[in-house]
Amino acid sequence: MASKDTKFIFITGGVVSSLGKGLASAALGACLQARGYKVRLRKLDPYLNVDPGTMSPIQHGEVFVTDDGAETDLDLGHYERFTGVAARQGDNVTTGRIYSEVLAKERRGDYLGATVQVIPHVTDMIKEFIGSYAGEEDFMLCEIGGTVGDIESLPFLEAIRQFRNEVGAARSLFMHCTLLPYIPTAGELKTKPTQHSVKELLSVGIQPDILLCRADRDIPEGERRKIAQFCNVKPSRVIAGLDVDTIYRVPISYHNEGLDREVLSYFGLPYESEPDLSLWEEIAQRVREPEGTVRVGFVGKYVSLPDAYKSIIEALNHGGIANRVKVSLEWVDAEEVESTEDLAGMLGQYNALLVGPGFGVRGSEGKIRAARYARENKLPYLGICFGMQMAVIEAARNLVGLEGASSTEFGPCDNPVVGLMTEWSKGNRVERRDGKSDLGGTMRLGAYECVLQPGSQVREIYGKDMISERHRHRYEVNVNYREAFEKAGLRFSGMSPDGVLPEIVEYPDHPWFVGVQFHPELKSKPFDPHPLFTSFVKAALDQSRLV
Ligand code: GLN
């Protein structure tokens, strides 16, 4: 169980999904941090997958990978981007993981003959997770996924109800996010769905302490009082969560509405002094008043679902913030690139191209075509993970002249320039895989070091010789082809420290063409934009000045 002092804030959601609970949690974390408190954020997800790693991005959005190699919910990306606190394996748990641990304990005989039940065994496991290695933090913010009223989130709600009873109200706070829909014919924000949602929470024994009500306009005093009265919350603790122009204004907006003040007042902590939010002011101001625009074409498969590439989108925005420009991200369907007869018409309008992560053969030829177009037309190109692998296949076929060059991810081929990784080292351990390994949690995951070659463009961009970046891949550029590639002009400018795994490729005679095997987007923050994205957006800006 947690140390004596950490305070727990539980964030639930009601009325509808997609309310921005994750962002609200992250923004509250940022406000508390700005007041000098140490925070950590956690997410409890009610679905049955052990982690989101095996889920399609169409279902679940991006998988956010932590340094310690956990595949987690994309909300953990928001948490990191707003607080800079690196998430850990233990910061995201699902019903699937809870059950798999309870069942493993049962098989071991740890329950000593007891009938294993949701209460207390599953709820105990959830509570253990909530309090696990909390210690140094002043505040632990735990977001409960899903919407109150769902069958699957009931054990989590029961667990936080018990948790509150055990640690007491002085150390725990329930914040509930709801929606106040505006009905134009009535000219009013409606409070009834919020009242019902709070009733639903009360039925499982939880009385919210703070209500964060999402609304597209200010909440009139009368409505605020009505919500307070019906929901048994102080009027000052009915907070308006207003729509804002950029997500990076959310901490300022929620602070102005009194969110962090009410949290501190609830816990009896001093709240009179103002936190320093100037960092967020500066970021929001740069987003609001860019000095120019660059157009980046994003060639991908899941172009209909931007959440699938959440961190990349944000990292590009950060690159824009660093260069004081707006990055206009435009989706290009890889399958359309594959079949178009007018490639220049489709891709020539952009100032840069980005080919992102991907799995499977569908759309891959389009990505390969895009890489060739960028190389031949000196268009800045950033290839991330799959995007690097496709650029390498392109070079193999069209520069090195290797017939049938491809990735074994797509089946056997004559020249497997990208192949399945069967062995690699992690610290002093050796990880081994084969074609029959489970799909869940078996990729090369998490932070690995990479050595940058002196004199290379990436060495210049990073300004150091050794970097650490997060990975999530099963295939790798085959190092045996290195010499052939380098002769043809594609430099292997970043390698794993043992020299076995190619991590970065670049063309020295191209204005900006970099492929990286890792995911730099996962470490970018609005207040600390990732150097690769800053440099890429700068290259796009330079390109825009040429035309
Ligand atoms: N499918 C490729 C691999 O597993 C790329 C993965 C990715 O882009 N994250 O290596």
# chains A, B, ... in the order shown; residues from 1 in each chain; ligands from 1
$ select_by_dssp --residues "region 132-198 of chain A" --states "strand (DSSP E or B)" --output "PyMOL selection string"
chain A and resi 139-144+172-179+182-183+188-189
$ write_last_selection --atoms "N, CA and C atoms" --output "PDB file, in the first residue's frame"
ATOM      1  N   PHE A 139       0.937  13.701  -5.316  1.00  0.00           N
ATOM      2  CA  PHE A 139      -0.381  13.355  -5.843  1.00  0.00           C
ATOM      3  C   PHE A 139      -0.280  12.220  -6.847  1.00  0.00           C
ATOM      4  N   MET A 140      -1.146  11.252  -6.688  1.00  0.00           N
ATOM      5  CA  MET A 140      -1.281  10.184  -7.672  1.00  0.00           C
ATOM      6  C   MET A 140      -2.633  10.385  -8.325  1.00  0.00           C
ATOM      7  N   LEU A 141      -2.624  10.667  -9.625  1.00  0.00           N
ATOM      8  CA  LEU A 141      -3.890  10.874 -10.328  1.00  0.00           C
ATOM      9  C   LEU A 141      -4.228   9.593 -11.072  1.00  0.00           C
ATOM     10  N   CYS A 142      -5.367   8.996 -10.751  1.00  0.00           N
ATOM     11  CA  CYS A 142      -5.759   7.731 -11.386  1.00  0.00           C
ATOM     12  C   CYS A 142      -7.002   7.941 -12.218  1.00  0.00           C
ATOM     13  N   GLU A 143      -6.849   7.792 -13.512  1.00  0.00           N
ATOM     14  CA  GLU A 143      -7.998   7.939 -14.399  1.00  0.00           C
ATOM     15  C   GLU A 143      -8.629   6.570 -14.629  1.00  0.00           C
ATOM     16  N   ILE A 144      -9.955   6.500 -14.493  1.00  0.00           N
ATOM     17  CA  ILE A 144     -10.651   5.235 -14.751  1.00  0.00           C
ATOM     18  C   ILE A 144     -11.213   5.318 -16.163  1.00  0.00           C
ATOM     19  N   SER A 172      -7.993  11.269  -0.349  1.00  0.00           N
ATOM     20  CA  SER A 172      -8.520  10.833  -1.642  1.00  0.00           C
ATOM     21  C   SER A 172      -9.626  11.769  -2.105  1.00  0.00           C
ATOM     22  N   LEU A 173      -9.672  11.952  -3.404  1.00  0.00           N
ATOM     23  CA  LEU A 173     -10.656  12.875  -3.975  1.00  0.00           C
ATOM     24  C   LEU A 173     -11.257  12.219  -5.212  1.00  0.00           C
ATOM     25  N   PHE A 174     -12.564  12.343  -5.356  1.00  0.00           N
ATOM     26  CA  PHE A 174     -13.217  11.835  -6.560  1.00  0.00           C
ATOM     27  C   PHE A 174     -13.590  13.007  -7.457  1.00  0.00           C
ATOM     28  N   MET A 175     -13.050  12.982  -8.657  1.00  0.00           N
ATOM     29  CA  MET A 175     -13.417  14.023  -9.626  1.00  0.00           C
ATOM     30  C   MET A 175     -14.162  13.342 -10.768  1.00  0.00           C
ATOM     31  N   HIS A 176     -15.307  13.874 -11.107  1.00  0.00           N
ATOM     32  CA  HIS A 176     -16.121  13.242 -12.147  1.00  0.00           C
ATOM     33  C   HIS A 176     -16.271  14.210 -13.313  1.00  0.00           C
ATOM     34  N   CYS A 177     -15.999  13.730 -14.531  1.00  0.00           N
ATOM     35  CA  CYS A 177     -16.115  14.588 -15.725  1.00  0.00           C
ATOM     36  C   CYS A 177     -17.429  14.282 -16.431  1.00  0.00           C
ATOM     37  N   THR A 178     -18.152  15.322 -16.746  1.00  0.00           N
ATOM     38  CA  THR A 178     -19.426  15.114 -17.447  1.00  0.00           C
ATOM     39  C   THR A 178     -19.547  16.097 -18.600  1.00  0.00           C
ATOM     40  N   LEU A 179     -20.689  16.023 -19.256  1.00  0.00           N
ATOM     41  CA  LEU A 179     -20.945  16.919 -20.381  1.00  0.00           C
ATOM     42  C   LEU A 179     -22.220  17.704 -20.130  1.00  0.00           C
ATOM     43  N   TYR A 182     -25.503  21.753 -25.028  1.00  0.00           N
ATOM     44  CA  TYR A 182     -26.261  22.985 -25.280  1.00  0.00           C
ATOM     45  C   TYR A 182     -27.395  22.656 -26.242  1.00  0.00           C
ATOM     46  N   ILE A 183     -28.602  22.992 -25.850  1.00  0.00           N
ATOM     47  CA  ILE A 183     -29.749  22.730 -26.734  1.00  0.00           C
ATOM     48  C   ILE A 183     -30.174  24.068 -27.338  1.00  0.00           C
ATOM     49  N   GLU A 188     -30.180  26.735 -23.832  1.00  0.00           N
ATOM     50  CA  GLU A 188     -29.654  26.406 -22.495  1.00  0.00           C
ATOM     51  C   GLU A 188     -28.644  25.266 -22.517  1.00  0.00           C
ATOM     52  N   LEU A 189     -27.757  25.326 -21.528  1.00  0.00           N
ATOM     53  CA  LEU A 189     -26.904  24.181 -21.236  1.00  0.00           C
ATOM     54  C   LEU A 189     -27.716  23.267 -20.339  1.00  0.00           C
TER      55      LEU A 189
END
$ residues_near_ligand --ligand "ligand 1" --cutoff "7 Å" --atoms "only C-alpha atoms and all ligand atoms" --output "number ranges by chain"
A: 356-360, 384-387, 409, 472-476
$ closest_atom_pairs --of "region 382-435 of chain A" --to "region 443-446 of chain A" --cutoff "12 Å" --atoms "only C-alpha atoms" --output "tab-separated table"
residue	atom	partner	partner_atom	distance
A:Cys385	CA	A:Arg444	CA	11.8
A:Leu420	CA	A:Met443	CA	10.2
A:Met421	CA	A:Arg444	CA	8.5
A:Thr422	CA	A:Arg444	CA	10.1
A:Glu423	CA	A:Arg444	CA	9.7
A:Trp424	CA	A:Arg444	CA	8.3
A:Ser425	CA	A:Arg444	CA	9.7
A:Lys426	CA	A:Arg444	CA	9.0
A:Gly427	CA	A:Gly446	CA	11.9
A:Val430	CA	A:Arg444	CA	11.4
A:Glu431	CA	A:Arg444	CA	8.5
A:Arg432	CA	A:Arg444	CA	10.0
A:Arg433	CA	A:Met443	CA	8.7
A:Asp434	CA	A:Met443	CA	10.9
A:Gly435	CA	A:Met443	CA	11.7
$ atom_distance --atom1 "CA of Trp280 (chain A)" --atom2 "CA of Asp218 (chain A)"
21.8 Å
$ residues_around --residues "Glu152 (chain A)" --least-positions-apart "5" --cutoff "10 Å" --atoms "only C-alpha atoms" --output "MDAnalysis selection string"
chainID A and resid 45:48 95 145:147 157
$ select_by_dssp --residues "region 12-194 of chain A" --states "alpha helix (DSSP H)" --output "MDAnalysis selection string"
chainID A and resid 21:34 57:60 75:83 95:108 123:131 154:167 192:194
$ residues_around --residues "region 53-60 of chain A" --least-positions-apart "3" --cutoff "9 Å" --atoms "only C-alpha atoms" --output "number ranges by chain"
A: 49-50, 63-64, 70-74, 302, 304-305, 307-309, 439-441
$ closest_residue --among "A:Gly320, A:Val299, A:Ser328, A:Gly69" --to "Arg369 (chain A)" --atoms "only C-alpha atoms"
A:Val299
$ residues_around --residues "Pro120 (chain A)" --least-positions-apart "6" --cutoff "12 Å" --atoms "only C-alpha atoms" --output "list in words"
Val102, Tyr111, Ala114, Ile126, Lys127, Glu128, Pro155, Phe156, Glu158, Ala159 and Gln162 of chain A
$ closest_residue --among "A:Val400, A:Val361, A:Leu354, A:Cys413" --to "Phe513 (chain A)" --atoms "only C-alpha atoms"
A:Leu354
$ residues_around --residues "Glu521 (chain A)" --least-positions-apart "2" --cutoff "7 Å" --atoms "only C-alpha atoms" --output "ChimeraX atom specification"
/A:311-312,315,519,523-524
$ atom_distance --atom1 "CA of Gln389 (chain A)" --atom2 "CA of Gly319 (chain A)"
23.2 Å
$ residues_around --residues "Phe82 (chain A)" --least-positions-apart "6" --cutoff "12 Å" --atoms "only C-alpha atoms" --output "tab-separated table (two decimals) with all heavy atoms, in the first residue's frame"
chain	number	residue	atom	x	y	z
A	22	GLY	N	-8.63	12.17	-20.18
A	22	GLY	CA	-7.17	11.98	-20.16
A	22	GLY	C	-6.46	13.32	-20.17
A	22	GLY	O	-5.53	13.56	-19.40
A	23	LEU	N	-6.95	14.22	-21.05
A	23	LEU	CA	-6.35	15.55	-21.12
A	23	LEU	C	-6.60	16.32	-19.84
A	23	LEU	O	-5.71	17.02	-19.34
A	23	LEU	CB	-7.01	16.33	-22.26
A	23	LEU	CG	-6.28	16.33	-23.59
A	23	LEU	CD1	-7.07	17.11	-24.61
A	23	LEU	CD2	-4.90	16.94	-23.41
A	24	ALA	N	-7.81	16.19	-19.31
A	24	ALA	CA	-8.14	16.90	-18.07
A	24	ALA	C	-7.22	16.42	-16.94
A	24	ALA	O	-6.70	17.23	-16.16
A	24	ALA	CB	-9.60	16.66	-17.69
A	25	SER	N	-6.99	15.11	-16.88
A	25	SER	CA	-6.11	14.57	-15.84
A	25	SER	C	-4.70	15.12	-16.02
A	25	SER	O	-4.04	15.55	-15.06
A	25	SER	CB	-6.06	13.04	-15.92
A	25	SER	OG	-7.35	12.50	-15.97
A	26	ALA	N	-4.24	15.09	-17.29
A	26	ALA	CA	-2.89	15.57	-17.58
A	26	ALA	C	-2.75	17.06	-17.24
A	26	ALA	O	-1.75	17.49	-16.66
A	26	ALA	CB	-2.57	15.35	-19.06
A	27	ALA	N	-3.80	17.83	-17.57
A	27	ALA	CA	-3.75	19.27	-17.32
A	27	ALA	C	-3.76	19.56	-15.81
A	27	ALA	O	-3.04	20.45	-15.33
A	27	ALA	CB	-4.93	19.97	-18.01
A	28	LEU	N	-4.56	18.80	-15.08
A	28	LEU	CA	-4.56	18.98	-13.63
A	28	LEU	C	-3.17	18.64	-13.06
A	28	LEU	O	-2.64	19.36	-12.21
A	28	LEU	CB	-5.64	18.11	-12.97
A	28	LEU	CG	-5.67	18.10	-11.45
A	28	LEU	CD1	-5.86	19.51	-10.88
A	28	LEU	CD2	-6.78	17.17	-10.91
A	29	GLY	N	-2.58	17.58	-13.59
A	29	GLY	CA	-1.22	17.20	-13.18
A	29	GLY	C	-0.26	18.36	-13.43
A	29	GLY	O	0.56	18.70	-12.56
A	30	ALA	N	-0.39	18.99	-14.60
A	30	ALA	CA	0.51	20.10	-14.95
A	30	ALA	C	0.32	21.28	-13.99
A	30	ALA	O	1.28	21.92	-13.57
A	30	ALA	CB	0.28	20.53	-16.39
A	31	CYS	N	-0.95	21.56	-13.64
A	31	CYS	CA	-1.22	22.69	-12.72
A	31	CYS	C	-0.63	22.41	-11.33
A	31	CYS	O	-0.04	23.31	-10.71
A	31	CYS	CB	-2.72	22.93	-12.58
A	31	CYS	SG	-3.49	23.59	-14.04
A	32	LEU	N	-0.79	21.19	-10.86
A	32	LEU	CA	-0.26	20.86	-9.53
A	32	LEU	C	1.27	20.92	-9.54
A	32	LEU	O	1.90	21.40	-8.59
A	32	LEU	CB	-0.75	19.48	-9.08
A	32	LEU	CG	-2.26	19.39	-8.83
A	32	LEU	CD1	-2.70	17.95	-8.63
A	32	LEU	CD2	-2.66	20.23	-7.60
A	33	GLN	N	1.82	20.46	-10.67
A	33	GLN	CA	3.28	20.51	-10.81
A	33	GLN	C	3.78	21.96	-10.81
A	33	GLN	O	4.79	22.27	-10.19
A	33	GLN	CB	3.62	19.88	-12.15
A	33	GLN	CG	4.79	18.98	-12.13
A	33	GLN	CD	5.06	18.43	-13.52
A	33	GLN	OE1	4.65	19.00	-14.53
A	33	GLN	NE2	5.78	17.34	-13.56
A	34	ALA	N	3.02	22.82	-11.48
A	34	ALA	CA	3.40	24.24	-11.54
A	34	ALA	C	3.37	24.87	-10.14
A	34	ALA	O	3.94	25.93	-9.92
A	34	ALA	CB	2.48	25.00	-12.48
A	39	VAL	N	3.94	14.84	-9.07
A	39	VAL	CA	2.75	14.11	-9.47
A	39	VAL	C	3.10	12.86	-10.28
A	39	VAL	O	4.19	12.76	-10.85
A	39	VAL	CB	1.80	14.98	-10.35
A	39	VAL	CG1	1.35	16.22	-9.62
A	39	VAL	CG2	2.46	15.35	-11.67
A	40	ARG	N	2.20	11.93	-10.31
A	40	ARG	CA	2.27	10.78	-11.23
A	40	ARG	C	0.86	10.49	-11.69
A	40	ARG	O	-0.10	10.69	-10.94
A	40	ARG	CB	2.90	9.57	-10.54
A	40	ARG	CG	2.91	8.31	-11.38
A	40	ARG	CD	3.86	7.25	-10.85
A	40	ARG	NE	5.24	7.63	-11.02
A	40	ARG	CZ	5.94	7.53	-12.16
A	40	ARG	NH1	5.38	7.05	-13.24
A	40	ARG	NH2	7.18	7.91	-12.22
A	41	LEU	N	0.74	10.07	-12.94
A	41	LEU	CA	-0.60	9.77	-13.46
A	41	LEU	C	-0.70	8.32	-13.86
A	41	LEU	O	0.27	7.73	-14.35
A	41	LEU	CB	-0.90	10.67	-14.67
A	41	LEU	CG	-1.12	12.13	-14.30
A	41	LEU	CD1	0.04	12.98	-14.75
A	41	LEU	CD2	-2.41	12.65	-14.88
A	75	ASP	N	-3.51	7.68	-23.55
A	75	ASP	CA	-3.61	8.74	-22.54
A	75	ASP	C	-2.30	8.93	-21.78
A	75	ASP	O	-2.00	10.02	-21.30
A	75	ASP	CB	-4.74	8.46	-21.54
A	75	ASP	CG	-6.08	8.95	-22.07
A	75	ASP	OD1	-6.09	10.01	-22.72
A	75	ASP	OD2	-7.10	8.27	-21.85
A	76	LEU	N	-1.50	7.87	-21.70
A	76	LEU	CA	-0.22	8.02	-21.00
A	76	LEU	C	0.69	8.97	-21.77
A	76	LEU	O	1.57	9.62	-21.19
A	76	LEU	CB	0.47	6.66	-20.76
A	76	LEU	CG	-0.05	5.99	-19.48
A	76	LEU	CD1	-1.36	5.28	-19.70
A	76	LEU	CD2	0.98	5.05	-18.88
A	247	ILE	N	-4.96	22.22	-27.26
A	247	ILE	CA	-4.95	21.42	-26.02
A	247	ILE	C	-3.96	21.98	-25.01
A	247	ILE	O	-4.12	21.79	-23.82
A	247	ILE	CB	-4.62	19.92	-26.30
A	247	ILE	CG1	-3.32	19.77	-27.07
A	247	ILE	CG2	-5.75	19.24	-27.01
A	247	ILE	CD1	-2.80	18.33	-27.11
A	248	TYR	N	-2.96	22.71	-25.49
A	248	TYR	CA	-1.95	23.22	-24.56
A	248	TYR	C	-2.43	24.43	-23.77
A	248	TYR	O	-1.73	24.96	-22.92
A	248	TYR	CB	-0.62	23.48	-25.29
A	248	TYR	CG	-0.08	22.18	-25.87
A	248	TYR	CD1	0.16	22.02	-27.23
A	248	TYR	CD2	0.10	21.07	-25.04
A	248	TYR	CE1	0.60	20.80	-27.75
A	248	TYR	CE2	0.53	19.85	-25.56
A	248	TYR	CZ	0.78	19.73	-26.90
A	248	TYR	OH	1.19	18.51	-27.40
A	249	ARG	N	-3.68	24.88	-24.08
A	249	ARG	CA	-4.25	25.93	-23.26
A	249	ARG	C	-5.09	25.32	-22.12
A	249	ARG	O	-5.54	26.04	-21.23
A	249	ARG	CB	-5.10	26.88	-24.10
A	249	ARG	CG	-5.40	28.21	-23.41
A	249	ARG	CD	-6.25	29.13	-24.25
A	249	ARG	NE	-5.61	29.51	-25.50
A	249	ARG	CZ	-4.61	30.36	-25.58
A	249	ARG	NH1	-4.13	30.94	-24.51
A	249	ARG	NH2	-4.07	30.65	-26.74
A	250	VAL	N	-5.31	24.02	-22.16
A	250	VAL	CA	-6.19	23.40	-21.15
A	250	VAL	C	-5.71	23.66	-19.71
A	250	VAL	O	-6.52	24.03	-18.86
A	250	VAL	CB	-6.41	21.90	-21.43
A	250	VAL	CG1	-7.22	21.24	-20.34
A	250	VAL	CG2	-7.10	21.71	-22.78
A	251	PRO	N	-4.41	23.52	-19.42
A	251	PRO	CA	-4.01	23.80	-18.02
A	251	PRO	C	-4.36	25.22	-17.59
A	251	PRO	O	-4.84	25.43	-16.46
A	251	PRO	CB	-2.49	23.62	-18.02
A	251	PRO	CG	-2.20	22.75	-19.21
A	251	PRO	CD	-3.25	23.08	-20.22
A	252	ILE	N	-4.17	26.18	-18.49
A	252	ILE	CA	-4.48	27.59	-18.15
A	252	ILE	C	-5.98	27.75	-17.95
A	252	ILE	O	-6.44	28.35	-16.96
A	252	ILE	CB	-4.02	28.53	-19.29
A	252	ILE	CG1	-2.53	28.32	-19.59
A	252	ILE	CG2	-4.33	29.98	-18.96
A	252	ILE	CD1	-2.08	28.95	-20.89
A	277	LEU	N	2.26	29.62	-14.68
A	277	LEU	CA	1.85	28.90	-15.88
A	277	LEU	C	2.39	29.58	-17.14
A	277	LEU	O	1.88	29.38	-18.25
A	277	LEU	CB	0.32	28.79	-15.94
A	277	LEU	CG	-0.33	27.93	-14.85
A	277	LEU	CD1	-1.85	28.01	-14.92
A	277	LEU	CD2	0.10	26.47	-14.95
A	279	LEU	N	4.94	29.07	-18.89
A	279	LEU	CA	5.38	28.13	-19.91
A	279	LEU	C	4.23	27.78	-20.85
A	279	LEU	O	4.36	27.76	-22.08
A	279	LEU	CB	5.83	26.86	-19.16
A	279	LEU	CG	6.52	25.77	-19.92
A	279	LEU	CD1	7.89	26.26	-20.36
A	279	LEU	CD2	6.67	24.54	-19.03
A	280	TRP	N	3.06	27.51	-20.25
A	280	TRP	CA	1.89	27.14	-21.05
A	280	TRP	C	1.38	28.35	-21.83
A	280	TRP	O	0.90	28.20	-22.96
A	280	TRP	CB	0.81	26.54	-20.14
A	280	TRP	CG	1.30	25.27	-19.52
A	280	TRP	CD1	1.71	25.09	-18.23
A	280	TRP	CD2	1.51	24.02	-20.18
A	280	TRP	NE1	2.15	23.80	-18.05
A	280	TRP	CE2	2.05	23.12	-19.22
A	280	TRP	CE3	1.31	23.56	-21.48
A	280	TRP	CZ2	2.37	21.80	-19.54
A	280	TRP	CZ3	1.64	22.24	-21.78
A	280	TRP	CH2	2.16	21.39	-20.83
A	283	ILE	N	3.58	28.61	-24.89
A	283	ILE	CA	3.28	27.55	-25.87
A	283	ILE	C	1.97	27.86	-26.59
A	283	ILE	O	1.89	27.83	-27.82
A	283	ILE	CB	3.21	26.18	-25.17
A	283	ILE	CG1	4.61	25.77	-24.67
A	283	ILE	CG2	2.65	25.11	-26.09
A	283	ILE	CD1	4.61	24.64	-23.67
A	314	GLU	N	1.36	15.23	-32.36
A	314	GLU	CA	1.79	16.19	-31.33
A	314	GLU	C	3.26	16.57	-31.50
A	314	GLU	O	3.63	17.73	-31.37
A	314	GLU	CB	1.52	15.64	-29.93
A	314	GLU	CG	0.04	15.61	-29.56
A	314	GLU	CD	-0.68	16.91	-29.88
A	314	GLU	OE1	-0.14	18.00	-29.60
A	314	GLU	OE2	-1.80	16.84	-30.43
A	523	LYS	N	8.86	10.80	-27.12
A	523	LYS	CA	9.56	11.56	-26.08
A	523	LYS	C	9.46	13.06	-26.27
A	523	LYS	O	10.06	13.84	-25.52
A	523	LYS	CB	11.03	11.12	-26.02
A	523	LYS	CG	11.13	9.72	-25.37
A	523	LYS	CD	12.50	9.15	-25.31
A	523	LYS	CE	13.45	9.86	-24.42
A	523	LYS	NZ	14.63	9.03	-24.11
A	524	SER	N	8.71	13.48	-27.27
A	524	SER	CA	8.62	14.93	-27.52
A	524	SER	C	7.61	15.58	-26.58
A	524	SER	O	6.58	15.00	-26.27
A	524	SER	CB	8.20	15.16	-28.98
A	524	SER	OG	8.30	16.51	-29.29
A	525	LYS	N	7.94	16.80	-26.14
A	525	LYS	CA	7.03	17.53	-25.25
A	525	LYS	C	6.86	18.94	-25.81
A	525	LYS	O	7.79	19.46	-26.42
A	525	LYS	CB	7.64	17.67	-23.84
A	525	LYS	CG	8.41	16.45	-23.35
A	525	LYS	CD	7.59	15.65	-22.41
A	525	LYS	CE	8.25	14.40	-21.87
A	525	LYS	NZ	9.38	13.81	-22.49
A	526	PRO	N	5.74	19.58	-25.54
A	526	PRO	CA	5.58	20.95	-26.07
A	526	PRO	C	6.65	21.88	-25.52
A	526	PRO	O	7.08	22.80	-26.21
A	526	PRO	CB	4.18	21.35	-25.59
A	526	PRO	CG	3.85	20.41	-24.48
A	526	PRO	CD	4.58	19.14	-24.76
A	527	PHE	N	7.08	21.65	-24.28
A	527	PHE	CA	8.09	22.52	-23.68
A	527	PHE	C	9.50	21.98	-23.92
A	527	PHE	O	10.47	22.59	-23.49
A	527	PHE	CB	7.84	22.69	-22.17
A	527	PHE	CG	7.49	21.40	-21.47
A	527	PHE	CD1	8.48	20.54	-21.05
A	527	PHE	CD2	6.16	21.05	-21.25
A	527	PHE	CE1	8.15	19.34	-20.43
A	527	PHE	CE2	5.83	19.84	-20.63
A	527	PHE	CZ	6.83	18.98	-20.23
A	528	ASP	N	9.61	20.87	-24.61
A	528	ASP	CA	10.91	20.28	-24.92
A	528	ASP	C	10.77	19.48	-26.22
A	528	ASP	O	10.80	18.25	-26.22
A	528	ASP	CB	11.31	19.35	-23.74
A	528	ASP	CG	12.71	18.80	-23.90
A	528	ASP	OD1	13.46	19.33	-24.74
A	528	ASP	OD2	13.04	17.82	-23.20
$ atom_distance --atom1 "CA of Ser406 (chain A)" --atom2 "CA of Ala540 (chain A)"
28.8 Å
$ decode --residues "region 402-415 of chain A" --atoms "N, CA and C atoms" --output "tab-separated table (two decimals), in the first residue's frame"
chain	number	residue	atom	x	y	z
A	402	LEU	N	19.10	-4.38	-55.94
A	402	LEU	CA	18.84	-5.73	-55.42
A	402	LEU	C	17.45	-6.19	-55.87
A	403	GLU	N	17.44	-7.20	-56.71
A	403	GLU	CA	16.16	-7.74	-57.20
A	403	GLU	C	15.36	-8.34	-56.05
A	404	GLY	N	14.07	-8.12	-56.06
A	404	GLY	CA	13.20	-8.76	-55.07
A	404	GLY	C	13.51	-8.36	-53.64
A	405	ALA	N	14.03	-7.15	-53.44
A	405	ALA	CA	14.31	-6.71	-52.07
A	405	ALA	C	12.99	-6.40	-51.37
A	406	SER	N	12.85	-6.87	-50.13
A	406	SER	CA	11.62	-6.63	-49.39
A	406	SER	C	11.83	-6.92	-47.91
A	407	SER	N	10.72	-6.98	-47.18
A	407	SER	CA	10.78	-7.32	-45.76
A	407	SER	C	10.15	-8.70	-45.59
A	408	THR	N	10.72	-9.51	-44.72
A	408	THR	CA	10.14	-10.84	-44.51
A	408	THR	C	8.79	-10.74	-43.79
A	409	GLU	N	8.47	-9.53	-43.31
A	409	GLU	CA	7.13	-9.32	-42.74
A	409	GLU	C	6.06	-9.62	-43.80
A	410	PHE	N	6.42	-9.43	-45.09
A	410	PHE	CA	5.44	-9.63	-46.16
A	410	PHE	C	5.54	-11.03	-46.78
A	411	GLY	N	6.38	-11.88	-46.25
A	411	GLY	CA	6.57	-13.22	-46.80
A	411	GLY	C	8.00	-13.39	-47.30
A	412	PRO	N	8.37	-14.61	-47.71
A	412	PRO	CA	9.74	-14.86	-48.16
A	412	PRO	C	10.07	-14.01	-49.39
A	413	CYS	N	11.34	-13.59	-49.50
A	413	CYS	CA	11.73	-12.80	-50.68
A	413	CYS	C	13.20	-13.08	-51.00
A	414	ASP	N	13.64	-12.65	-52.18
A	414	ASP	CA	15.01	-12.94	-52.62
A	414	ASP	C	16.05	-12.19	-51.81
A	415	ASN	N	15.76	-10.94	-51.51
A	415	ASN	CA	16.72	-10.13	-50.75
A	415	ASN	C	16.04	-9.55	-49.52
